[in-house]
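Have a look at query-v3.cif below; it lists mmCIF, C-alpha atoms and all ligand atoms.
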data_data
#
loop_
_atom_site.group_PDB
_atom_site.id
_atom_site.type_symbol
_atom_site.label_atom_id
_atom_site.label_comp_id
_atom_site.auth_asym_id
_atom_site.auth_seq_id
_atom_site.Cartn_x
_atom_site.Cartn_y
_atom_site.Cartn_z
ATOM 1 C CA MET A 61 25.884 7.653 11.062
ATOM 2 C CA ILE A 62 24.644 5.936 7.913
ATOM 3 C CA PRO A 63 23.504 2.385 8.726
ATOM 4 C CA ALA A 64 25.493 -0.470 7.178
ATOM 5 C CA PRO A 65 24.023 -2.015 3.990
ATOM 6 C CA ARG A 66 21.465 -4.706 4.760
ATOM 7 C CA SER A 67 22.244 -8.169 3.546
ATOM 8 C CA PRO A 68 19.546 -10.675 2.563
ATOM 9 C CA GLY A 69 18.238 -12.704 5.472
ATOM 10 C CA THR A 70 19.207 -10.137 8.105
ATOM 11 C CA VAL A 71 16.235 -9.280 10.292
ATOM 12 C CA VAL A 72 16.074 -5.540 10.899
ATOM 13 C CA MET A 73 12.443 -5.377 12.037
ATOM 14 C CA GLU A 74 10.921 -7.565 14.698
ATOM 15 C CA LEU A 75 7.216 -7.864 13.888
ATOM 16 C CA ASP A 76 6.087 -9.602 17.072
ATOM 17 C CA GLY A 77 4.434 -6.872 19.169
ATOM 18 C CA ALA A 78 4.850 -4.157 16.500
ATOM 19 C CA ARG A 79 1.943 -1.721 16.128
ATOM 20 C CA PHE A 80 0.840 -1.308 12.501
ATOM 21 C CA LEU A 81 -1.762 0.880 10.847
ATOM 22 C CA VAL A 82 -3.045 -0.763 7.642
ATOM 23 C CA ALA A 83 -4.924 1.533 5.227
ATOM 24 C CA GLY A 84 -6.810 -0.232 2.452
ATOM 25 C CA ALA A 85 -7.343 -3.189 4.783
ATOM 26 C CA THR A 86 -10.736 -3.822 3.150
ATOM 27 C CA GLY A 87 -9.046 -4.719 -0.148
ATOM 28 C CA GLU A 88 -8.011 -8.251 -0.994
ATOM 29 C CA PHE A 89 -4.266 -7.585 -0.799
ATOM 30 C CA GLY A 90 -4.563 -5.254 2.226
ATOM 31 C CA ALA A 91 -6.698 -7.769 4.142
ATOM 32 C CA ALA A 92 -4.310 -10.632 3.377
ATOM 33 C CA LEU A 93 -1.345 -8.520 4.486
ATOM 34 C CA ALA A 94 -3.176 -7.487 7.681
ATOM 35 C CA ARG A 95 -3.916 -11.174 8.426
ATOM 36 C CA GLU A 96 -0.248 -12.075 7.951
ATOM 37 C CA LEU A 97 0.942 -9.152 10.114
ATOM 38 C CA SER A 98 -1.493 -10.304 12.803
ATOM 39 C CA GLU A 99 -0.193 -13.858 12.437
ATOM 40 C CA GLN A 100 3.319 -12.509 13.043
ATOM 41 C CA GLY A 101 2.176 -10.941 16.334
ATOM 42 C CA CYS A 102 1.489 -7.349 15.245
ATOM 43 C CA GLU A 103 -1.151 -5.220 16.930
ATOM 44 C CA LEU A 104 -3.293 -3.665 14.220
ATOM 45 C CA ALA A 105 -5.419 -0.630 13.494
ATOM 46 C CA LEU A 106 -7.304 -0.852 10.203
ATOM 47 C CA LEU A 107 -8.497 1.862 7.852
ATOM 48 C CA GLY A 108 -10.946 1.159 5.040
ATOM 49 C CA ARG A 109 -13.975 2.478 3.217
ATOM 50 C CA ASP A 110 -16.402 -0.456 3.126
ATOM 51 C CA ARG A 111 -17.990 -0.620 6.580
ATOM 52 C CA GLU A 112 -19.049 -4.256 6.515
ATOM 53 C CA ARG A 113 -15.714 -5.700 5.399
ATOM 54 C CA LEU A 114 -13.831 -3.373 7.739
ATOM 55 C CA GLU A 115 -15.820 -4.376 10.799
ATOM 56 C CA ALA A 116 -15.625 -8.063 9.937
ATOM 57 C CA LEU A 117 -11.824 -7.971 9.570
ATOM 58 C CA ALA A 118 -11.355 -5.847 12.687
ATOM 59 C CA GLY A 119 -13.393 -8.407 14.642
ATOM 60 C CA GLU A 120 -11.420 -11.328 13.172
ATOM 61 C CA LEU A 121 -8.045 -9.734 14.003
ATOM 62 C CA SER A 122 -9.053 -8.056 17.297
ATOM 63 C CA ALA A 123 -8.047 -4.748 15.716
ATOM 64 C CA THR A 124 -9.332 -1.212 16.075
ATOM 65 C CA SER A 125 -10.663 0.394 12.911
ATOM 66 C CA GLY A 126 -11.728 3.615 11.252
ATOM 67 C CA ARG A 127 -13.345 4.569 7.972
ATOM 68 C CA PHE A 128 -12.126 7.036 5.372
ATOM 69 C CA ASP A 129 -12.769 7.971 1.764
ATOM 70 C CA ALA A 130 -9.750 8.904 -0.333
ATOM 71 C CA ARG A 131 -11.760 11.695 -1.918
ATOM 72 C CA ASP A 132 -12.281 13.343 1.486
ATOM 73 C CA ARG A 133 -8.715 14.089 2.436
ATOM 74 C CA ALA A 134 -9.678 16.323 5.363
ATOM 75 C CA GLY A 135 -10.791 13.180 7.202
ATOM 76 C CA ILE A 136 -7.481 11.348 6.810
ATOM 77 C CA GLU A 137 -5.215 13.002 9.383
ATOM 78 C CA PRO A 138 -7.809 12.856 12.209
ATOM 79 C CA ALA A 139 -8.508 9.188 11.429
ATOM 80 C CA VAL A 140 -4.790 8.314 11.510
ATOM 81 C CA ASN A 141 -4.261 10.297 14.725
ATOM 82 C CA ALA A 142 -7.180 8.594 16.476
ATOM 83 C CA LEU A 143 -6.041 5.081 15.527
ATOM 84 C CA ALA A 144 -2.401 5.806 16.402
ATOM 85 C CA ALA A 145 -3.487 7.145 19.809
ATOM 86 C CA GLY A 146 -5.589 4.021 20.373
ATOM 87 C CA LEU A 147 -2.520 1.829 19.811
ATOM 88 C CA GLY A 148 -0.366 4.086 22.008
ATOM 89 C CA GLY A 149 1.849 4.920 18.993
ATOM 90 C CA LEU A 150 2.862 3.274 15.730
ATOM 91 C CA ASP A 151 5.810 1.164 14.611
ATOM 92 C CA GLY A 152 4.668 0.929 11.016
ATOM 93 C CA VAL A 153 2.136 1.984 8.413
ATOM 94 C CA VAL A 154 0.943 0.105 5.331
ATOM 95 C CA VAL A 155 -0.926 1.854 2.494
ATOM 96 C CA SER A 156 -2.599 -0.535 0.052
ATOM 97 C CA VAL A 157 -5.324 1.832 -1.184
ATOM 98 C CA GLY A 158 -5.869 1.949 -4.933
ATOM 99 C CA ALA A 159 -8.271 1.936 -7.877
ATOM 100 C CA ALA A 160 -7.576 1.750 -11.600
ATOM 101 C CA ALA A 161 -9.217 3.605 -14.471
ATOM 102 C CA PHE A 162 -8.676 2.235 -17.940
ATOM 103 C CA GLY A 163 -8.306 4.589 -20.876
ATOM 104 C CA GLY A 164 -5.605 6.223 -22.985
ATOM 105 C CA GLY A 165 -4.037 9.637 -22.530
ATOM 106 C CA GLY A 166 -6.863 11.505 -24.271
ATOM 107 C CA GLU A 167 -9.772 9.298 -23.276
ATOM 108 C CA LEU A 168 -10.470 9.936 -19.610
ATOM 109 C CA ALA A 169 -12.769 12.646 -18.265
ATOM 110 C CA HIS A 170 -10.857 15.106 -16.114
ATOM 111 C CA GLU A 171 -13.039 14.232 -13.095
ATOM 112 C CA THR A 172 -11.919 10.617 -13.458
ATOM 113 C CA VAL A 173 -8.266 11.666 -13.619
ATOM 114 C CA GLU A 174 -8.789 13.670 -10.414
ATOM 115 C CA ASP A 175 -10.347 10.651 -8.687
ATOM 116 C CA VAL A 176 -7.510 8.408 -9.840
ATOM 117 C CA PHE A 177 -4.964 10.815 -8.383
ATOM 118 C CA ALA A 178 -6.991 11.235 -5.167
ATOM 119 C CA ILE A 179 -7.163 7.468 -4.583
ATOM 120 C CA ASN A 180 -3.689 6.389 -5.756
ATOM 121 C CA ALA A 181 -1.517 9.387 -4.940
ATOM 122 C CA LEU A 182 -3.023 12.201 -2.832
ATOM 123 C CA ALA A 183 -4.714 10.026 -0.183
ATOM 124 C CA PRO A 184 -1.774 7.586 0.084
ATOM 125 C CA ILE A 185 0.586 10.562 0.498
ATOM 126 C CA ALA A 186 -1.736 12.082 3.127
ATOM 127 C CA LEU A 187 -1.904 8.734 4.964
ATOM 128 C CA VAL A 188 1.877 8.290 5.071
ATOM 129 C CA SER A 189 2.398 11.935 5.935
ATOM 130 C CA ALA A 190 -0.015 11.715 8.891
ATOM 131 C CA ALA A 191 1.512 8.426 10.071
ATOM 132 C CA LEU A 192 5.069 9.799 9.996
ATOM 133 C CA ALA A 193 4.203 12.031 12.964
ATOM 134 C CA HIS A 194 3.676 8.861 15.033
ATOM 135 C CA LEU A 195 6.559 6.718 13.760
ATOM 136 C CA PRO A 196 9.866 6.390 15.569
ATOM 137 C CA ASP A 197 13.067 6.821 13.528
ATOM 138 C CA GLN A 198 13.259 3.043 13.075
ATOM 139 C CA GLY A 199 9.581 2.773 12.083
ATOM 140 C CA ALA A 200 8.449 1.226 8.803
ATOM 141 C CA VAL A 201 6.467 2.616 5.869
ATOM 142 C CA VAL A 202 5.062 0.162 3.313
ATOM 143 C CA GLY A 203 3.453 1.655 0.199
ATOM 144 C CA VAL A 204 1.778 -0.465 -2.471
ATOM 145 C CA THR A 205 2.175 1.091 -5.915
ATOM 146 C CA ALA A 206 2.180 -1.105 -9.060
ATOM 147 C CA ILE A 207 4.332 -2.374 -11.897
ATOM 148 C CA VAL A 208 2.996 0.536 -13.989
ATOM 149 C CA ALA A 209 4.960 2.948 -11.772
ATOM 150 C CA ASP A 210 8.081 1.385 -13.351
ATOM 151 C CA HIS A 211 6.573 0.555 -16.738
ATOM 152 C CA PRO A 212 3.838 3.087 -17.689
ATOM 153 C CA THR A 213 1.372 1.138 -19.775
ATOM 154 C CA ALA A 214 -0.691 2.018 -22.896
ATOM 155 C CA GLY A 215 -4.388 2.272 -22.045
ATOM 156 C CA VAL A 216 -3.662 2.936 -18.353
ATOM 157 C CA ALA A 217 -2.454 6.541 -18.543
ATOM 158 C CA ALA A 218 -3.797 8.209 -15.394
ATOM 159 C CA TYR A 219 -3.333 5.160 -13.138
ATOM 160 C CA SER A 220 0.293 4.752 -14.321
ATOM 161 C CA ALA A 221 0.952 8.454 -13.647
ATOM 162 C CA SER A 222 -0.710 8.393 -10.212
ATOM 163 C CA LYS A 223 1.237 5.324 -9.045
ATOM 164 C CA ALA A 224 4.469 6.908 -10.328
ATOM 165 C CA ALA A 225 3.639 9.981 -8.202
ATOM 166 C CA PHE A 226 3.217 7.913 -5.013
ATOM 167 C CA SER A 227 6.374 5.973 -5.916
ATOM 168 C CA ALA A 228 8.396 9.205 -6.177
ATOM 169 C CA TYR A 229 7.010 10.393 -2.827
ATOM 170 C CA LEU A 230 8.059 7.125 -1.157
ATOM 171 C CA ALA A 231 11.558 7.451 -2.668
ATOM 172 C CA VAL A 232 11.910 10.906 -1.126
ATOM 173 C CA VAL A 233 10.658 9.764 2.298
ATOM 174 C CA ARG A 234 13.144 6.881 2.138
ATOM 175 C CA ARG A 235 15.975 9.299 1.372
ATOM 176 C CA GLU A 236 14.905 11.620 4.204
ATOM 177 C CA ARG A 237 14.721 8.774 6.735
ATOM 178 C CA ARG A 238 17.813 6.907 5.544
ATOM 179 C CA ARG A 239 20.205 8.201 8.206
ATOM 180 C CA ALA A 240 17.865 7.169 11.010
ATOM 181 C CA GLY A 241 17.635 3.650 9.554
ATOM 182 C CA GLY A 242 13.845 3.419 9.130
ATOM 183 C CA THR A 243 12.449 1.160 6.401
ATOM 184 C CA VAL A 244 10.478 2.593 3.486
ATOM 185 C CA LEU A 245 9.377 -0.384 1.388
ATOM 186 C CA GLU A 246 7.650 0.143 -1.946
ATOM 187 C CA VAL A 247 5.754 -2.902 -3.219
ATOM 188 C CA ARG A 248 5.186 -2.754 -6.992
ATOM 189 C CA PRO A 249 3.093 -5.816 -7.777
ATOM 190 C CA PRO A 250 2.371 -7.083 -11.280
ATOM 191 C CA HIS A 251 -1.184 -8.124 -12.177
ATOM 192 C CA MET A 252 -2.435 -10.219 -9.216
ATOM 193 C CA ASP A 253 -5.295 -12.698 -8.807
ATOM 194 C CA THR A 254 -7.615 -10.256 -7.024
ATOM 195 C CA ALA A 255 -10.723 -8.664 -8.584
ATOM 196 C CA PHE A 256 -8.954 -5.284 -8.653
ATOM 197 C CA THR A 257 -9.440 -4.699 -12.408
ATOM 198 C CA GLU A 258 -13.179 -5.487 -12.090
ATOM 199 C CA ARG A 259 -13.468 -2.625 -9.583
ATOM 200 C CA ALA A 260 -11.935 -0.060 -11.978
ATOM 201 C CA LEU A 261 -13.516 3.398 -11.944
ATOM 202 C CA THR A 262 -14.012 3.210 -15.703
ATOM 203 C CA GLY A 263 -13.020 1.363 -18.876
ATOM 204 C CA GLU A 264 -11.816 -2.092 -19.781
ATOM 205 C CA PRO A 265 -8.302 -3.340 -19.036
ATOM 206 C CA PRO A 266 -5.831 -3.959 -21.860
ATOM 207 C CA PRO A 267 -4.833 -7.631 -22.354
ATOM 208 C CA LEU A 268 -3.286 -8.733 -19.059
ATOM 209 C CA PRO A 269 -0.560 -11.280 -18.391
ATOM 210 C CA GLU A 270 -1.189 -14.305 -16.187
ATOM 211 C CA ALA A 271 -2.046 -13.178 -12.676
ATOM 212 C CA VAL A 272 0.396 -13.676 -9.825
ATOM 213 C CA ASP A 273 -0.889 -15.190 -6.548
ATOM 214 C CA HIS A 274 -1.450 -12.207 -4.230
ATOM 215 C CA LEU A 275 -0.713 -14.389 -1.182
ATOM 216 C CA GLU A 276 2.761 -15.002 -2.590
ATOM 217 C CA VAL A 277 3.245 -11.226 -2.885
ATOM 218 C CA VAL A 278 2.030 -10.865 0.722
ATOM 219 C CA ALA A 279 4.530 -13.478 1.930
ATOM 220 C CA GLN A 280 7.384 -11.751 0.119
ATOM 221 C CA THR A 281 6.266 -8.349 1.415
ATOM 222 C CA ILE A 282 6.522 -9.635 4.995
ATOM 223 C CA GLU A 283 10.009 -10.978 4.284
ATOM 224 C CA ALA A 284 11.099 -7.708 2.636
ATOM 225 C CA LEU A 285 9.715 -5.737 5.589
ATOM 226 C CA ARG A 286 11.603 -7.874 8.094
ATOM 227 C CA GLU A 287 14.793 -7.414 6.120
ATOM 228 C CA GLY A 288 14.353 -3.642 5.767
ATOM 229 C CA ARG A 289 14.277 -3.729 1.952
ATOM 230 C CA ARG A 290 13.585 -0.682 -0.237
ATOM 231 C CA GLU A 291 11.425 -2.331 -2.860
ATOM 232 C CA LEU A 292 9.713 -5.501 -3.959
ATOM 233 C CA ALA A 293 9.230 -5.349 -7.708
ATOM 234 C CA TRP A 294 8.436 -7.588 -10.651
ATOM 235 C CA ASP A 295 11.418 -8.370 -12.853
ATOM 236 C CA LEU A 296 10.240 -8.631 -16.450
ATOM 237 C CA GLU A 297 13.113 -10.861 -17.560
ATOM 238 C CA SER A 298 13.080 -13.463 -14.819
ATOM 239 C CA ARG A 299 9.303 -13.079 -14.368
ATOM 240 C CA ALA A 300 9.723 -13.093 -10.613
ATOM 241 C CA LEU A 301 9.405 -10.732 -7.676
ATOM 242 C CA VAL A 302 12.752 -9.314 -6.673
ATOM 243 C CA ALA A 303 13.489 -7.580 -3.357
ATOM 244 C CA ARG A 304 16.203 -4.941 -3.312
HETATM 245 N N1 LIG A 401 -4.582 -6.588 -8.070
HETATM 246 C C1 LIG A 401 -3.703 -6.189 -8.967
HETATM 247 O O1 LIG A 401 -3.617 -6.723 -10.070
HETATM 248 C C2 LIG A 401 -2.747 -5.071 -8.621
HETATM 249 C C3 LIG A 401 -1.591 -4.918 -9.370
HETATM 250 C C4 LIG A 401 -0.694 -3.911 -9.039
HETATM 251 C C5 LIG A 401 -0.948 -3.086 -7.964
HETATM 252 N N2 LIG A 401 -2.095 -3.257 -7.251
HETATM 253 C C6 LIG A 401 -2.331 -2.366 -6.107
HETATM 254 O O2 LIG A 401 -2.486 -3.181 -4.972
HETATM 255 C C7 LIG A 401 -3.305 -2.493 -4.007
HETATM 256 C C8 LIG A 401 -4.389 -3.429 -3.494
HETATM 257 O O3 LIG A 401 -5.206 -3.821 -4.566
HETATM 258 P P1 LIG A 401 -6.168 -5.095 -4.460
HETATM 259 O O4 LIG A 401 -5.766 -6.049 -5.519
HETATM 260 O O5 LIG A 401 -6.239 -5.542 -3.057
HETATM 261 O O6 LIG A 401 -7.545 -4.445 -4.909
HETATM 262 P P2 LIG A 401 -8.890 -4.172 -4.060
HETATM 263 O O7 LIG A 401 -9.320 -5.441 -3.409
HETATM 264 O O8 LIG A 401 -9.823 -3.513 -5.017
HETATM 265 O O9 LIG A 401 -8.433 -3.142 -2.923
HETATM 266 C C9 LIG A 401 -8.401 -1.756 -3.136
HETATM 267 C C10 LIG A 401 -8.392 -1.036 -1.813
HETATM 268 O O10 LIG A 401 -8.425 0.380 -2.076
HETATM 269 C C11 LIG A 401 -9.514 0.941 -1.344
HETATM 270 N N3 LIG A 401 -10.130 2.080 -2.037
HETATM 271 C C12 LIG A 401 -10.477 2.186 -3.346
HETATM 272 N N4 LIG A 401 -11.070 3.374 -3.553
HETATM 273 C C13 LIG A 401 -11.108 4.018 -2.341
HETATM 274 C C14 LIG A 401 -11.597 5.276 -1.905
HETATM 275 N N5 LIG A 401 -12.202 6.146 -2.734
HETATM 276 N N6 LIG A 401 -11.448 5.594 -0.591
HETATM 277 C C15 LIG A 401 -10.860 4.736 0.282
HETATM 278 N N7 LIG A 401 -10.388 3.524 -0.083
HETATM 279 C C16 LIG A 401 -10.516 3.182 -1.378
HETATM 280 C C17 LIG A 401 -10.542 -0.178 -1.224
HETATM 281 O O11 LIG A 401 -11.417 0.140 -0.154
HETATM 282 P P3 LIG A 401 -12.934 -0.471 -0.083
HETATM 283 O O12 LIG A 401 -12.816 -1.910 -0.503
HETATM 284 O O13 LIG A 401 -13.258 -0.310 1.389
HETATM 285 O O14 LIG A 401 -13.767 0.340 -0.988
HETATM 286 C C18 LIG A 401 -9.614 -1.355 -0.939
HETATM 287 O O15 LIG A 401 -9.254 -1.339 0.422
HETATM 288 C C19 LIG A 401 -3.836 -1.248 -4.726
HETATM 289 O O16 LIG A 401 -3.038 -0.140 -4.358
HETATM 290 C C20 LIG A 401 -3.593 -1.547 -6.187
HETATM 291 O O17 LIG A 401 -3.426 -0.363 -6.943
HETATM 292 C C21 LIG A 401 -3.000 -4.231 -7.538
#
Using structure tokens, write down the structure that the file contains.
Ligand SMILES: NC(=O)c1ccc[n+]([C@@H]2O[C@H](COP(=O)([O-])OP(=O)(O)OC[C@H]3O[C@@H](n4cnc5c(N)ncnc54)[C@H](OP(=O)(O)O)[C@@H]3O)[C@@H](O)[C@H]2O)c1
Amino acid sequence: MIPAPRSPGTVVMELDGARFLVAGATGEFGAALARELSEQGCELALLGRDRERLEALAGELSATSGRFDARDRAGIEPAVNALAAGLGGLDGVVVSVGAAAFGGGGELAHETVEDVFAINALAPIALVSAALAHLPDQGAVVGVTAIVADHPTAGVAAYSASKAAFSAYLAVVRRERRRAGGTVLEVRPPHMDTAFTERALTGEPPPLPEAVDHLEVVAQTIEALREGRRELAWDLESRALVAR
């Protein structure tokens, strides 16, 4: 049976007591989302690369944690399996891993393009793929892509392409899980007030619009997750986040 369409305000996922794996929890957006999930009563397992920030957040949220590097994909499935086993299963997975590289279509070294795809597409796909083995039919997948997945941007060629790749993967997983009623939420934020662009692998960003408060995006992500939405994206006309 195909589940009935979800109307705004209808709660389809109870977060209190839900077990979530958050990958990219060491990032500003990932950490804020993990804090909010914890606030809502979720039990958390955190994945990140930076040891110090990971351990500090795990201590703060009484969470288990594991380290991974997106460029070492062989380590991803074992890390997900270990954390999922520690929680006794998963009800949801969040992937907020990402890094930009600034440069036009002909400007980036191929090694940089490979890193951009490893961090924004191949590792996120490997993380979701490994987590799916632990998720029930009604479980939730939350993938953070970016506005450039919708609107590929001059001077951001490889990053736009890599986020579009993860976006397409999430769309397919959503289609595959639709009948069972599980949520696959893609969050496509616009430029946010984190230091993300300062951590780019290479290059200087093109002129950027005013940054959106990442805590506002976190709050709307939680709402969209509860309501079982498909996407939370920036509408260029109304200049607002819209959940669909
Ligand atoms: N901020 C924005 O303007 C903006 C706009 C649109 C979309 N986004 C997306 O939002 C998400 C969160 O970004 P943010 O603003 O929170 O930036 P951030 O603070 O730089 O977080 C990036 C996250 O990705 C992880 N990461 C980067 N390279 C990695 C690697 N090689 N291996 C493993 N993990 C790696 C970082 O881990 P460590 O810190 O442990 O290294 C961190 O957890 C990203 O997917 C980004 O693409 C951001």
Carefully work through the PyMOL selection byres (((not hetatm)) within 8 of (chain A and resi 401)) for this structure and note down the residues it includes, as JSON, numbers by chain. {"A": [83, 84, 85, 86, 87, 88, 89, 90, 91, 108, 109, 110, 111, 113, 114, 128, 129, 130, 131, 155, 156, 157, 158, 159, 160, 175, 178, 179, 180, 204, 205, 206, 207, 208, 223, 248, 249, 250, 251, 252, 253, 254, 255, 256, 257, 259, 271, 274]}
Which residues would end up in the selection if the PyMOL selection byres (((chain A and resi 294) around 10) and not hetatm) were applied here, given that I need the answer as a list in words? Ala206, Ile207, Asp210, Val247, Arg248, Pro249, Pro250, His251, Glu291, Leu292, Ala293, Asp295, Leu296, Glu297, Ser298, Arg299, Ala300, Leu301, Val302 and Ala303 of chain A
Picked residues, the PyMOL selection byres (((chain A and resi 76) around 9) and not hetatm), as a list of chain:residue names: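 Here the PyMOL selection byres (((chain A and resi 76) around 9) and not hetatm) matches A:Glu74, A:Leu75, A:Gly77, A:Ala78, A:Arg79, A:Leu97, A:Ser98, A:Glu99, A:Gln100, A:Gly101, A:Cys102, A:Glu103.
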Please identify all polymer residues within 8 Å of A:Arg234, counting only C-alpha atoms, omitting same-chain residues fewer than 5 positions from it, and present them as a compact mmCIF listing (two decimals) with C-alpha atoms, in the coordinates of the input.
# COMPACT_ATOMS: atom_id res chain seq x y z
CA GLY A 242 13.84 3.42 9.13
CA THR A 243 12.45 1.16 6.40
CA VAL A 244 10.48 2.59 3.49
CA ARG A 290 13.58 -0.68 -0.24
Would you mind telling me which residue in A:Ala224, A:Leu230, A:Leu182, A:Val202 lies nearest to A:Arg286 when using all atoms listed in the file?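 For A:Arg286, the nearest of the given residues is A:Val202.
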Just give me the gap between atom CA of A:Phe162 and atom CA of A:Ala218 in Å, one decimal is fine.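 Between atom CA of A:Phe162 and atom CA of A:Ala218 the gap works out to 8.1 Å.
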